[in-house]
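Structure data (mmCIF, C-alpha atoms and all ligand atoms) from protein-v9.cif:
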```
data_model
loop_
_atom_site.label_atom_id
_atom_site.label_comp_id
_atom_site.auth_asym_id
_atom_site.auth_seq_id
_atom_site.Cartn_x
_atom_site.Cartn_y
_atom_site.Cartn_z
CA MET A 1 17.11 -14.94 -112.25
CA ILE A 2 15.82 -12.57 -109.58
CA ARG A 3 12.23 -13.71 -109.34
CA LEU A 4 9.33 -11.27 -109.39
CA CYS A 5 7.72 -13.13 -106.56
CA GLU A 6 8.43 -16.29 -104.59
CA PRO A 7 6.37 -17.85 -101.82
CA ASP A 8 8.07 -18.07 -98.42
CA ILE A 9 7.89 -21.85 -97.94
CA SER A 10 10.10 -23.66 -95.41
CA ASP A 11 10.16 -26.90 -93.39
CA ALA A 12 7.17 -25.85 -91.27
CA GLU A 13 4.93 -25.85 -94.37
CA PHE A 14 6.24 -29.23 -95.58
CA GLN A 15 5.59 -30.71 -92.13
CA ALA A 16 2.10 -29.20 -91.85
CA VAL A 17 1.04 -30.54 -95.25
CA TYR A 18 2.61 -33.94 -94.52
CA GLU A 19 0.62 -34.21 -91.27
CA VAL A 20 -2.64 -33.63 -93.14
CA LEU A 21 -1.76 -36.15 -95.84
CA LYS A 22 -1.05 -38.73 -93.12
CA THR A 23 -4.56 -38.34 -91.68
CA GLY A 24 -6.19 -39.10 -95.04
CA TYR A 25 -8.71 -36.34 -94.28
CA LEU A 26 -8.07 -33.92 -97.09
CA VAL A 27 -11.21 -31.87 -97.74
CA GLN A 28 -12.34 -28.82 -95.75
CA GLY A 29 -12.05 -29.63 -92.05
CA ALA A 30 -10.23 -28.73 -88.83
CA ARG A 31 -7.19 -27.12 -90.49
CA VAL A 32 -9.37 -24.82 -92.58
CA ARG A 33 -11.33 -23.79 -89.49
CA GLU A 34 -8.03 -23.15 -87.67
CA LEU A 35 -6.91 -20.87 -90.50
CA GLU A 36 -10.23 -19.02 -90.41
CA GLU A 37 -9.90 -18.49 -86.65
CA LYS A 38 -6.35 -17.19 -87.02
CA ILE A 39 -7.45 -14.69 -89.65
CA GLU A 40 -10.48 -13.60 -87.59
CA LYS A 41 -8.13 -12.87 -84.69
CA TYR A 42 -5.55 -11.15 -86.88
CA LEU A 43 -8.02 -8.91 -88.71
CA HIS A 44 -10.26 -8.35 -85.65
CA VAL A 45 -13.22 -9.45 -87.73
CA GLN A 46 -16.11 -11.63 -86.63
CA HIS A 47 -16.16 -14.03 -89.57
CA ALA A 48 -13.42 -15.24 -91.92
CA ILE A 49 -14.60 -17.80 -94.46
CA ALA A 50 -12.05 -19.74 -96.46
CA VAL A 51 -12.81 -20.48 -100.12
CA SER A 52 -10.94 -21.91 -103.09
CA ASN A 53 -9.56 -18.60 -104.45
CA GLY A 54 -9.98 -14.84 -104.40
CA THR A 55 -12.27 -14.82 -107.42
CA ALA A 56 -14.62 -17.26 -105.69
CA ALA A 57 -14.58 -14.94 -102.66
CA LEU A 58 -15.70 -11.97 -104.79
CA HIS A 59 -18.27 -14.07 -106.66
CA LEU A 60 -19.90 -15.28 -103.44
CA ALA A 61 -19.80 -11.77 -101.96
CA LEU A 62 -21.90 -10.43 -104.84
CA ILE A 63 -24.38 -13.30 -104.61
CA ALA A 64 -24.68 -12.95 -100.83
CA LEU A 65 -25.51 -9.26 -101.28
CA LYS A 66 -28.17 -10.19 -103.89
CA ILE A 67 -26.49 -8.33 -106.73
CA GLY A 68 -27.70 -9.59 -110.10
CA PRO A 69 -29.20 -8.79 -113.50
CA GLY A 70 -30.04 -5.12 -114.04
CA ASP A 71 -27.69 -3.96 -111.26
CA GLU A 72 -24.58 -1.86 -111.76
CA VAL A 73 -21.40 -2.17 -109.72
CA ILE A 74 -18.66 0.45 -109.69
CA VAL A 75 -15.12 -0.89 -110.08
CA PRO A 76 -11.75 0.73 -110.76
CA ASP A 77 -10.60 0.40 -114.36
CA PHE A 78 -7.08 -0.65 -113.37
CA SER A 79 -7.18 -4.07 -111.73
CA PHE A 80 -6.94 -7.79 -112.36
CA PRO A 81 -9.87 -8.86 -114.60
CA ALA A 82 -11.43 -10.98 -111.82
CA THR A 83 -12.69 -7.77 -110.13
CA ALA A 84 -15.01 -7.08 -113.06
CA ASN A 85 -15.54 -10.65 -114.29
CA VAL A 86 -17.43 -11.60 -111.15
CA VAL A 87 -19.83 -8.71 -111.74
CA GLU A 88 -20.50 -10.07 -115.23
CA LEU A 89 -20.86 -13.59 -113.85
CA VAL A 90 -23.80 -12.58 -111.64
CA GLY A 91 -25.45 -10.83 -114.61
CA ALA A 92 -24.75 -7.29 -113.39
CA THR A 93 -22.81 -4.57 -115.24
CA PRO A 94 -19.41 -3.26 -114.14
CA ILE A 95 -19.08 0.51 -114.39
CA PHE A 96 -15.42 1.39 -114.75
CA ILE A 97 -13.84 4.44 -113.12
CA ASP A 98 -10.37 5.77 -113.81
CA ILE A 99 -7.64 5.62 -111.17
CA ASN A 100 -5.55 8.12 -109.32
CA LEU A 101 -1.92 7.87 -110.46
CA GLU A 102 -0.54 8.61 -107.01
CA THR A 103 -2.14 5.50 -105.52
CA PHE A 104 -3.18 3.35 -108.53
CA ASN A 105 -6.56 3.15 -106.76
CA ILE A 106 -10.03 4.27 -107.86
CA ASP A 107 -10.35 8.04 -108.29
CA THR A 108 -13.10 8.68 -105.77
CA GLU A 109 -13.80 12.14 -107.23
CA LYS A 110 -15.09 10.47 -110.40
CA ILE A 111 -17.49 8.02 -108.75
CA GLU A 112 -20.59 10.14 -108.12
CA ALA A 113 -20.99 11.12 -111.77
CA LYS A 114 -21.38 7.42 -112.63
CA ILE A 115 -23.99 6.53 -110.03
CA SER A 116 -27.42 5.69 -111.47
CA LYS A 117 -30.65 4.31 -110.05
CA ASN A 118 -29.28 0.83 -110.83
CA THR A 119 -26.03 1.21 -108.89
CA LYS A 120 -25.95 -1.29 -106.03
CA ALA A 121 -22.34 -1.49 -104.89
CA ILE A 122 -18.76 -0.31 -105.16
CA ILE A 123 -15.82 -2.70 -105.29
CA PRO A 124 -12.77 -0.66 -104.27
CA VAL A 125 -9.52 -2.51 -104.98
CA HIS A 126 -6.59 -1.96 -102.62
CA GLU A 127 -4.25 -2.12 -105.56
CA PHE A 128 -0.79 -3.59 -105.02
CA GLY A 129 -1.37 -3.53 -101.24
CA LEU A 130 -2.17 0.18 -100.76
CA ALA A 131 -5.55 1.04 -99.22
CA ALA A 132 -8.09 2.82 -101.39
CA ASN A 133 -9.64 6.02 -100.07
CA LEU A 134 -12.21 4.29 -97.87
CA ASP A 135 -13.36 7.48 -96.13
CA ALA A 136 -14.54 8.96 -99.42
CA ILE A 137 -16.02 5.64 -100.56
CA ASN A 138 -17.93 5.20 -97.29
CA GLU A 139 -19.34 8.69 -97.58
CA ILE A 140 -20.60 8.01 -101.12
CA CYS A 141 -22.03 4.63 -100.16
CA GLU A 142 -23.92 6.11 -97.23
CA LYS A 143 -25.31 8.92 -99.37
CA TYR A 144 -26.57 6.56 -102.12
CA ASP A 145 -27.22 3.47 -99.98
CA LEU A 146 -24.66 1.29 -101.73
CA LYS A 147 -22.87 -1.83 -100.51
CA ILE A 148 -19.07 -2.02 -100.29
CA ILE A 149 -17.20 -5.16 -101.28
CA GLU A 150 -13.51 -4.55 -100.68
CA ASP A 151 -11.29 -6.33 -103.18
CA ALA A 152 -8.39 -6.84 -100.81
CA ALA A 153 -6.95 -9.68 -102.92
CA CYS A 154 -3.48 -8.10 -102.72
CA ALA A 155 -3.85 -6.56 -99.30
CA LEU A 156 -3.88 -9.00 -96.39
CA GLY A 157 -2.29 -6.97 -93.57
CA THR A 158 -2.71 -3.60 -95.29
CA CYS A 159 -3.93 -0.86 -92.95
CA TYR A 160 -6.10 2.19 -93.38
CA HIS A 161 -6.08 4.60 -90.42
CA LYS A 162 -4.32 1.83 -88.46
CA GLU A 163 -7.10 -0.70 -89.08
CA PHE A 164 -6.94 -3.65 -91.46
CA VAL A 165 -8.57 -3.30 -94.86
CA GLY A 166 -11.09 -5.93 -95.86
CA THR A 167 -12.99 -5.32 -92.63
CA LYS A 168 -14.37 -1.85 -93.26
CA GLY A 169 -17.03 -2.55 -95.91
CA ASP A 170 -19.90 -5.03 -95.94
CA ILE A 171 -17.60 -7.79 -97.15
CA GLY A 172 -13.83 -8.02 -97.74
CA CYS A 173 -12.21 -10.51 -100.13
CA PHE A 174 -8.60 -11.71 -99.99
CA SER A 175 -6.55 -13.94 -102.27
CA LEU A 176 -3.97 -16.49 -101.11
CA HIS A 177 -2.48 -17.02 -104.57
CA PRO A 178 1.36 -17.39 -104.57
CA ARG A 179 1.74 -13.80 -105.89
CA LYS A 180 0.40 -12.55 -102.55
CA ALA A 181 2.24 -12.09 -99.23
CA ILE A 182 1.17 -15.52 -97.97
CA THR A 183 -0.25 -18.42 -99.93
CA THR A 184 -2.18 -21.66 -99.85
CA GLY A 185 -1.34 -22.44 -103.51
CA GLU A 186 -4.78 -21.21 -104.53
CA GLY A 187 -7.09 -19.81 -101.89
CA GLY A 188 -9.34 -17.01 -100.78
CA ILE A 189 -10.77 -15.53 -97.60
CA ILE A 190 -14.04 -13.66 -97.18
CA ALA A 191 -14.24 -11.37 -94.14
CA THR A 192 -17.39 -9.87 -92.72
CA ASN A 193 -18.80 -8.64 -89.42
CA LYS A 194 -22.34 -9.52 -90.50
CA SER A 195 -23.43 -12.90 -89.13
CA GLU A 196 -26.37 -13.36 -91.48
CA ILE A 197 -24.15 -12.81 -94.51
CA ALA A 198 -21.49 -15.13 -93.07
CA SER A 199 -24.04 -17.95 -92.70
CA LYS A 200 -25.17 -17.47 -96.28
CA LEU A 201 -21.59 -17.46 -97.56
CA LYS A 202 -20.85 -20.74 -95.76
CA ILE A 203 -23.92 -22.34 -97.33
CA LEU A 204 -23.06 -21.00 -100.79
CA ARG A 205 -19.46 -22.32 -100.71
CA ASN A 206 -20.67 -25.83 -99.88
CA HIS A 207 -23.29 -26.80 -102.49
CA GLY A 208 -26.06 -24.87 -100.70
CA MET A 209 -25.93 -27.31 -97.81
CA TYR A 210 -27.50 -26.39 -94.48
CA VAL A 211 -27.17 -28.66 -91.47
CA LYS A 212 -29.62 -28.34 -88.60
CA ASP A 213 -30.11 -30.82 -85.73
CA ASN A 214 -27.93 -33.34 -87.57
CA SER A 215 -30.16 -33.26 -90.59
CA ILE A 216 -28.92 -32.08 -93.98
CA ASP A 217 -30.87 -29.92 -96.37
CA PHE A 218 -29.88 -28.01 -99.53
CA VAL A 219 -31.41 -24.58 -99.22
CA LEU A 220 -29.58 -22.68 -102.00
CA ALA A 221 -28.13 -23.50 -105.41
CA GLY A 222 -24.55 -23.36 -104.15
CA PHE A 223 -21.05 -24.02 -105.42
CA ASN A 224 -18.15 -26.17 -104.40
CA TYR A 225 -15.83 -23.29 -103.49
CA ARG A 226 -14.31 -25.06 -100.48
CA MET A 227 -10.64 -24.92 -99.47
CA THR A 228 -8.93 -28.27 -98.74
CA ASP A 229 -7.38 -29.10 -95.37
CA ILE A 230 -4.02 -29.45 -97.16
CA GLN A 231 -4.31 -25.78 -98.09
CA GLY A 232 -5.65 -24.94 -94.64
CA ALA A 233 -2.53 -26.43 -93.02
CA LEU A 234 -0.30 -24.52 -95.42
CA GLY A 235 -2.20 -21.31 -94.64
CA ASN A 236 -1.85 -21.82 -90.89
CA THR A 237 1.94 -21.94 -91.04
CA GLN A 238 2.00 -19.06 -93.51
CA MET A 239 -0.15 -16.91 -91.19
CA ASP A 240 2.50 -17.28 -88.47
CA LYS A 241 4.95 -15.55 -90.83
CA LEU A 242 2.65 -12.85 -92.19
CA ASP A 243 3.97 -9.96 -90.07
CA SER A 244 7.62 -10.79 -90.70
CA ILE A 245 6.96 -11.17 -94.44
CA ILE A 246 5.23 -7.78 -94.55
CA ASN A 247 8.03 -6.13 -92.55
CA ARG A 248 10.64 -7.48 -94.93
CA ARG A 249 8.62 -6.30 -97.94
CA ARG A 250 8.45 -2.82 -96.40
CA GLU A 251 12.22 -2.80 -95.84
CA LEU A 252 12.86 -3.80 -99.45
CA ALA A 253 10.35 -1.25 -100.77
CA ASN A 254 12.21 1.42 -98.80
CA LEU A 255 15.44 0.36 -100.55
CA TYR A 256 13.67 0.84 -103.88
CA PHE A 257 12.46 4.30 -102.82
CA GLU A 258 15.98 5.29 -101.74
CA GLY A 259 17.62 3.98 -104.90
CA LEU A 260 15.07 5.16 -107.45
CA SER A 261 13.83 8.48 -106.10
CA CYS A 262 16.61 10.43 -107.86
CA ASN A 263 15.48 9.03 -111.24
CA ASN A 264 13.35 11.72 -112.89
CA ASN A 265 12.12 9.30 -115.55
CA LEU A 266 10.24 7.18 -113.04
CA LEU A 267 6.99 7.70 -111.19
CA LEU A 268 7.28 5.71 -107.95
CA PRO A 269 4.33 4.16 -106.11
CA GLY A 270 2.47 6.21 -103.51
CA MET A 271 3.31 5.71 -99.86
CA SER A 272 0.54 5.50 -97.30
CA ARG A 273 0.73 8.16 -94.65
CA ASP A 274 0.38 5.65 -91.80
CA ASN A 275 2.81 3.02 -93.19
CA GLY A 276 -0.11 0.73 -94.02
CA HIS A 277 1.16 -0.26 -97.49
CA THR A 278 2.15 -3.94 -97.71
CA TYR A 279 3.77 -3.75 -101.18
CA GLN A 280 2.26 -6.85 -102.76
CA THR A 281 3.77 -5.31 -105.89
CA TYR A 282 6.37 -2.56 -106.32
CA TYR A 283 5.10 -0.82 -109.43
CA VAL A 284 6.93 1.98 -111.26
CA ILE A 285 5.80 4.03 -114.24
CA LEU A 286 8.26 5.07 -116.92
CA ASN A 287 8.34 8.45 -118.57
CA ARG A 288 6.39 8.49 -121.85
CA LYS A 289 9.58 8.91 -123.87
CA LEU A 290 10.78 5.44 -122.76
CA ASN A 291 9.58 2.21 -124.32
CA ARG A 292 8.21 0.05 -121.51
CA ASP A 293 8.38 -3.23 -123.42
CA SER A 294 12.00 -2.83 -124.40
CA VAL A 295 13.00 -1.83 -120.84
CA MET A 296 11.18 -4.91 -119.57
CA ARG A 297 12.90 -7.10 -122.14
CA GLU A 298 16.32 -5.73 -121.23
CA LEU A 299 15.69 -6.21 -117.52
CA ARG A 300 14.80 -9.85 -118.18
CA GLU A 301 17.98 -10.25 -120.21
CA GLN A 302 19.88 -8.98 -117.15
CA GLY A 303 18.29 -11.72 -115.03
CA ILE A 304 15.50 -9.63 -113.52
CA GLU A 305 11.99 -11.03 -113.77
CA CYS A 306 9.43 -8.27 -114.19
CA ASN A 307 5.89 -8.07 -115.49
CA TYR A 308 2.69 -6.09 -115.98
CA GLY A 309 0.91 -5.23 -112.76
CA ALA A 310 -2.77 -4.82 -113.61
CA TYR A 311 -4.89 -4.18 -116.71
CA PRO A 312 -7.08 -1.34 -118.03
CA LEU A 313 -10.23 -3.43 -117.86
CA HIS A 314 -12.33 -1.38 -120.31
CA SER A 315 -9.78 -2.19 -123.04
CA LEU A 316 -9.88 -5.99 -122.67
CA SER A 317 -11.53 -7.71 -125.65
CA TYR A 318 -14.51 -9.04 -123.73
CA TYR A 319 -15.48 -5.66 -122.29
CA LYS A 320 -14.62 -3.66 -125.40
CA GLN A 321 -16.79 -5.89 -127.57
CA LYS A 322 -19.74 -5.95 -125.16
CA TYR A 323 -19.82 -2.26 -124.18
CA SER A 324 -18.69 0.86 -125.95
CA TYR A 325 -16.41 3.04 -123.88
CA ASP A 326 -14.86 6.41 -124.40
CA ALA A 327 -11.17 5.61 -123.82
CA SER A 328 -10.50 9.25 -122.88
CA GLU A 329 -12.26 8.53 -119.57
CA PHE A 330 -9.48 6.13 -118.60
CA MET A 331 -6.29 8.00 -119.40
CA ASN A 332 -4.57 7.25 -116.07
CA SER A 333 -5.39 3.58 -116.22
CA LEU A 334 -4.10 3.35 -119.80
CA PHE A 335 -0.93 5.23 -118.85
CA ALA A 336 -0.36 3.08 -115.74
CA PHE A 337 -0.62 -0.04 -117.86
CA GLY A 338 1.27 1.18 -120.93
CA GLN A 339 4.28 2.54 -119.06
CA GLY A 340 4.23 0.45 -115.87
CA ILE A 341 6.54 -2.30 -114.68
CA ALA A 342 6.19 -4.54 -111.62
CA LEU A 343 9.68 -5.04 -110.14
CA PRO A 344 10.78 -8.06 -108.07
CA LEU A 345 9.66 -7.89 -104.45
CA HIS A 346 9.38 -10.78 -102.02
CA SER A 347 10.69 -11.64 -98.61
CA ARG A 348 13.40 -14.00 -99.87
CA LEU A 349 15.27 -11.26 -101.73
CA SER A 350 18.43 -9.83 -100.23
CA ASP A 351 19.33 -6.15 -100.04
CA THR A 352 21.97 -6.90 -102.67
CA ASP A 353 19.32 -8.29 -105.05
CA ILE A 354 17.32 -5.09 -104.76
CA GLU A 355 20.45 -2.96 -105.22
CA TYR A 356 21.21 -4.92 -108.40
CA VAL A 357 17.68 -4.25 -109.72
CA ILE A 358 17.98 -0.55 -108.82
CA ASP A 359 21.30 -0.24 -110.70
CA LYS A 360 19.90 -1.89 -113.81
CA VAL A 361 16.65 0.09 -113.78
CA ASN A 362 18.53 3.37 -113.39
CA LEU A 363 20.98 2.41 -116.12
CA LEU A 364 18.20 1.56 -118.57
CA THR A 365 15.93 4.51 -117.87
CA GLN A 366 18.04 7.52 -116.89
C1 LIG A 401 -7.22 -7.23 -107.45
C2 LIG A 401 -7.47 -8.70 -107.60
N1 LIG A 401 -8.70 -9.18 -107.43
C3 LIG A 401 -8.97 -10.51 -107.54
C4 LIG A 401 -7.99 -11.41 -107.83
C5 LIG A 401 -8.32 -12.86 -107.97
O1 LIG A 401 -7.71 -13.66 -106.99
P1 LIG A 401 -7.42 -15.21 -107.28
O2 LIG A 401 -6.29 -15.30 -108.24
O3 LIG A 401 -7.08 -15.78 -105.94
O4 LIG A 401 -8.68 -15.81 -107.82
C6 LIG A 401 -6.68 -10.96 -108.02
C7 LIG A 401 -5.61 -11.90 -108.35
O5 LIG A 401 -4.49 -11.59 -108.64
C8 LIG A 401 -6.41 -9.57 -107.91
O6 LIG A 401 -5.18 -9.07 -108.08
#
```

Encoded form (structure tokens):
Amino acid sequence: MIRLCEPDISDAEFQAVYEVLKTGYLVQGARVRELEEKIEKYLHVQHAIAVSNGTAALHLALIALKIGPGDEVIVPDFSFPATANVVELVGATPIFIDINLETFNIDTEKIEAKISKNTKAIIPVHEFGLAANLDAINEICEKYDLKIIEDAACALGTCYHKEFVGTKGDIGCFSLHPRKAITTGEGGIIATNKSEIASKLKILRNHGMYVKDNSIDFVLAGFNYRMTDIQGALGNTQMDKLDSIINRRRELANLYFEGLSCNNNLLLPGMSRDNGHTYQTYYVILNRKLNRDSVMRELREQGIECNYGAYPLHSLSYYKQKYSYDASEFMNSLFAFGQGIALPLHSRLSDTDIEYVIDKVNLLTQ
């Protein structure tokens, strides 16, 4: 089976985890701090805060920015449910916006019409590793005094105008789940240049604990969203490989572009002008006349693992039952889901693997 995704784990990771296990010190400690420092240096950001997963990162970001009941937060309709779930979890309301089919990212032209006096923030998602239109989003946020929480769960290393995403808004959130370029098993990183917010995030991830002059106090109702040192060690070795993993992903994505661009029944993913795309997922959309599910089934039968990429959030049972939406507002998101397929892409695949996938996809869809 050609796997959809596979973490790049080698002896260095085994050794790093083994060393932590030998110390008997397993909870958040020196290895987690080391990982945070590496990411701060890599992203050129003042604070990187490790947490237990990407959802926890987004959840804390909203709390740190004081977003809560009565507030509205703008999110793209096509994403992983966590992007909207965290908004619900703080008691605020997600306002869904359709996507642009060329990028699979939020259609920034449709945002202003949905801004109300209750709107407090926008969560742009850098879907599948391609940067959202941050210039347009910044402009809107400045005009209406809104916060930006970048959902960069799939986009560690992605660039926008040659700068890393996740560092341009008030807060950026990354996931280190095994479906991402690098992994800690489960894990998340919150990035911010705002020291006050960083201090609050550190308190919130650790039960609300605040230590001053060697004395402990609990100043907020916090969570246990800490990362373990086992994960920290894993993340440290993974960070050393990040650039080579991204380069390999770009090479393989280019093979897909070369092999699939002559297929008129496929819409291929957008390419960023400055080569900033990190291809967390290579997502193609089939012509309406093709049946996505049967193509997916046949690819699996040929030994090719493939899957959905993201979901039209307004159509998920929880959201549909709680709010009433006009589905015609989300035609691109519905189309991207209904006809889309995520194809295998990870750094352990060979050129021959990708050529095999290209042959089968072309055979089944042309
Ligand atoms: C866009 C997006 N946001 C948030 C998350 C949540 O990250 P995690 O699985 O680390 O909680 C994901 C996970 O796939 C995601 O794709």

For this session: Would you list the residues that come within 8 Å of ligand LIG 401 (chain A)? Count all atoms listed in the file and give the answer as a PyMOL selection string.
Result: chain A and resi 52-58+79-83+125-128+151-154+174-177+179-180+186-188+310

Would you export the selected residues with C-alpha atoms as a CSV table (one decimal), in the coordinates of the input, please?
```csv
chain,number,residue,atom,x,y,z
A,52,SER,CA,-10.9,-21.9,-103.1
A,53,ASN,CA,-9.6,-18.6,-104.4
A,54,GLY,CA,-10.0,-14.8,-104.4
A,55,THR,CA,-12.3,-14.8,-107.4
A,56,ALA,CA,-14.6,-17.3,-105.7
A,57,ALA,CA,-14.6,-14.9,-102.7
A,58,LEU,CA,-15.7,-12.0,-104.8
A,79,SER,CA,-7.2,-4.1,-111.7
A,80,PHE,CA,-6.9,-7.8,-112.4
A,81,PRO,CA,-9.9,-8.9,-114.6
A,82,ALA,CA,-11.4,-11.0,-111.8
A,83,THR,CA,-12.7,-7.8,-110.1
A,125,VAL,CA,-9.5,-2.5,-105.0
A,126,HIS,CA,-6.6,-2.0,-102.6
A,127,GLU,CA,-4.2,-2.1,-105.6
A,128,PHE,CA,-0.8,-3.6,-105.0
A,151,ASP,CA,-11.3,-6.3,-103.2
A,152,ALA,CA,-8.4,-6.8,-100.8
A,153,ALA,CA,-7.0,-9.7,-102.9
A,154,CYS,CA,-3.5,-8.1,-102.7
A,174,PHE,CA,-8.6,-11.7,-100.0
A,175,SER,CA,-6.6,-13.9,-102.3
A,176,LEU,CA,-4.0,-16.5,-101.1
A,177,HIS,CA,-2.5,-17.0,-104.6
A,179,ARG,CA,1.7,-13.8,-105.9
A,180,LYS,CA,0.4,-12.6,-102.6
A,186,GLU,CA,-4.8,-21.2,-104.5
A,187,GLY,CA,-7.1,-19.8,-101.9
A,188,GLY,CA,-9.3,-17.0,-100.8
A,310,ALA,CA,-2.8,-4.8,-113.6
```

Exercise. What does the distance between atom CA of Ile137 of chain A and atom CA of Leu43 of chain A come to in Å, to one decimal place?
Worked result: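 Going from atom CA of Ile137 of chain A over to atom CA of Leu43 of chain A covers 20.4 Å.
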
Which polymer residues, protein or nucleic acid, are no farther than 12 Å from (-2.2, 8.8, -114.8), counting all atoms listed in the file, as a compact mmCIF listing (two decimals) with C-alpha atoms, in the coordinates of the input?
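Once everything was written out, this is selection35.txt:
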```txt
# COMPACT_ATOMS: atom_id res chain seq x y z
CA ASP A 77 -10.60 0.40 -114.36
CA PHE A 78 -7.08 -0.65 -113.37
CA ASP A 98 -10.37 5.77 -113.81
CA ILE A 99 -7.64 5.62 -111.17
CA ASN A 100 -5.55 8.12 -109.32
CA LEU A 101 -1.92 7.87 -110.46
CA GLU A 102 -0.54 8.61 -107.01
CA THR A 103 -2.14 5.50 -105.52
CA PHE A 104 -3.18 3.35 -108.53
CA ASN A 105 -6.56 3.15 -106.76
CA ILE A 106 -10.03 4.27 -107.86
CA ASP A 107 -10.35 8.04 -108.29
CA LEU A 267 6.99 7.70 -111.19
CA PRO A 269 4.33 4.16 -106.11
CA VAL A 284 6.93 1.98 -111.26
CA ILE A 285 5.80 4.03 -114.24
CA LEU A 286 8.26 5.07 -116.92
CA ASN A 287 8.34 8.45 -118.57
CA ARG A 288 6.39 8.49 -121.85
CA PRO A 312 -7.08 -1.34 -118.03
CA SER A 328 -10.50 9.25 -122.88
CA GLU A 329 -12.26 8.53 -119.57
CA PHE A 330 -9.48 6.13 -118.60
CA MET A 331 -6.29 8.00 -119.40
CA ASN A 332 -4.57 7.25 -116.07
CA SER A 333 -5.39 3.58 -116.22
CA LEU A 334 -4.10 3.35 -119.80
CA PHE A 335 -0.93 5.23 -118.85
CA ALA A 336 -0.36 3.08 -115.74
CA PHE A 337 -0.62 -0.04 -117.86
CA GLY A 338 1.27 1.18 -120.93
CA GLN A 339 4.28 2.54 -119.06
CA GLY A 340 4.23 0.45 -115.87
```

Problem set entry | Contacts of Phe14 of chain A within 10 Å, all atoms listed in the file, excl. fewer than 6 positions in-chain, as a PyMOL selection string | chain A and resi 233-234+237

Exercise. If you count only C-alpha atoms, which residues fall within 7 Å of Val75 of chain A, apart from same-chain ones fewer than 6 positions away, as a ChimeraX atom specification?
Worked result: /A:84,94-97,122-124

Those residues with C-alpha atoms, as a compact mmCIF listing (two decimals), in the coordinates of the input please?
```txt
# COMPACT_ATOMS: atom_id res chain seq x y z
CA ALA A 84 -15.01 -7.08 -113.06
CA PRO A 94 -19.41 -3.26 -114.14
CA ILE A 95 -19.08 0.51 -114.39
CA PHE A 96 -15.42 1.39 -114.75
CA ILE A 97 -13.84 4.44 -113.12
CA ILE A 122 -18.76 -0.31 -105.16
CA ILE A 123 -15.82 -2.70 -105.29
CA PRO A 124 -12.77 -0.66 -104.27
```

Problem set entry | Of the listed residues A:Tyr256, A:Gln15, A:Gly276, A:Gln366, that which approaches Asp351 of chain A most closely, counting all atoms listed in the file |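 Smallest separation from Asp351 of chain A among the options: A:Tyr256.
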
Problem set entry | Close residues, Lys147 of chain A itself excluded, 9 Å, all atoms listed in the file, min 6 positions apart in chain, as a PyMOL selection string | chain A and resi 65+120-123+141+169-171

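Between Asn224 of chain A and the candidates A:Asn118, A:Asn206, A:Asn236, A:Gln28, the tightest atom-to-atom separation, counting all atoms listed in the file, involves A:Asn206.
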
First collect every listed atom of segment 30-35 of chain A; then fit an axis-aligned box around them, widen it by 6 Å on each side, and give centre and edge lengths in Å to one decimal, as AutoDock Vina command-line options.
```
--center_x -9.1 --center_y -24.8 --center_z -90.1 --size_x 16.4 --size_y 19.9 --size_z 16.9
```

Problem set entry | Separation of atom CA of Cys159 of chain A from atom CA of Ile182 of chain A, in Å and rounded to one decimal |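 One can read the atom CA of Cys159 of chain A to atom CA of Ile182 of chain A distance as 16.3 Å.
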
Exercise. Using all atoms listed in the file, which of A:Lys162, A:Gly70, A:Ala132, A:Ile2 sits nearest Lys117 of chain A?
Worked result: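 The shortest atom-to-atom distance to Lys117 of chain A comes from A:Gly70.
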
For this session: Calculate how many Å separate atom CA of Val27 of chain A from atom CA of Ile230 of chain A, rounding to one decimal.
Result: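 Distance between the two atoms: 7.6 Å.
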
Seminar exercise, completed: Of A:Arg292, A:Lys41, A:Arg348, A:His207, the one nearest to Cys306 of chain A when counting only C-alpha atoms is A:Arg292

Exercise. Taking only C-alpha atoms into account, which of A:Arg250, A:Ile358, A:Glu112, A:Glu258 comes nearest Lys143 of chain A?
Worked result: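 Nearest candidate to Lys143 of chain A out of A:Arg250, A:Ile358, A:Glu112, A:Glu258: A:Glu112.
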
Problem set entry | Nearest-residue call for Asn193 of chain A, choices A:His277, A:His47, A:His314, A:Arg300, using all atoms listed in the file |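 Nearest to Asn193 of chain A: A:His47.
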
For this session: Name all residues at most 12 Å from Arg297 of chain A (count only C-alpha atoms; drop same-chain ones fewer than 3 positions away) and give them as a ChimeraX atom specification.
Result: /A:291-294,300-308,341,361,364

Exercise. Can you list, as a PyMOL selection string, every protein, DNA or RNA residue that comes within 8 Å of Ala181 of chain A when you count all atoms listed in the file, leaving out same-chain residues fewer than 5 positions away?
Worked result: chain A and resi 7+154+156+176+242+245-246+280+346
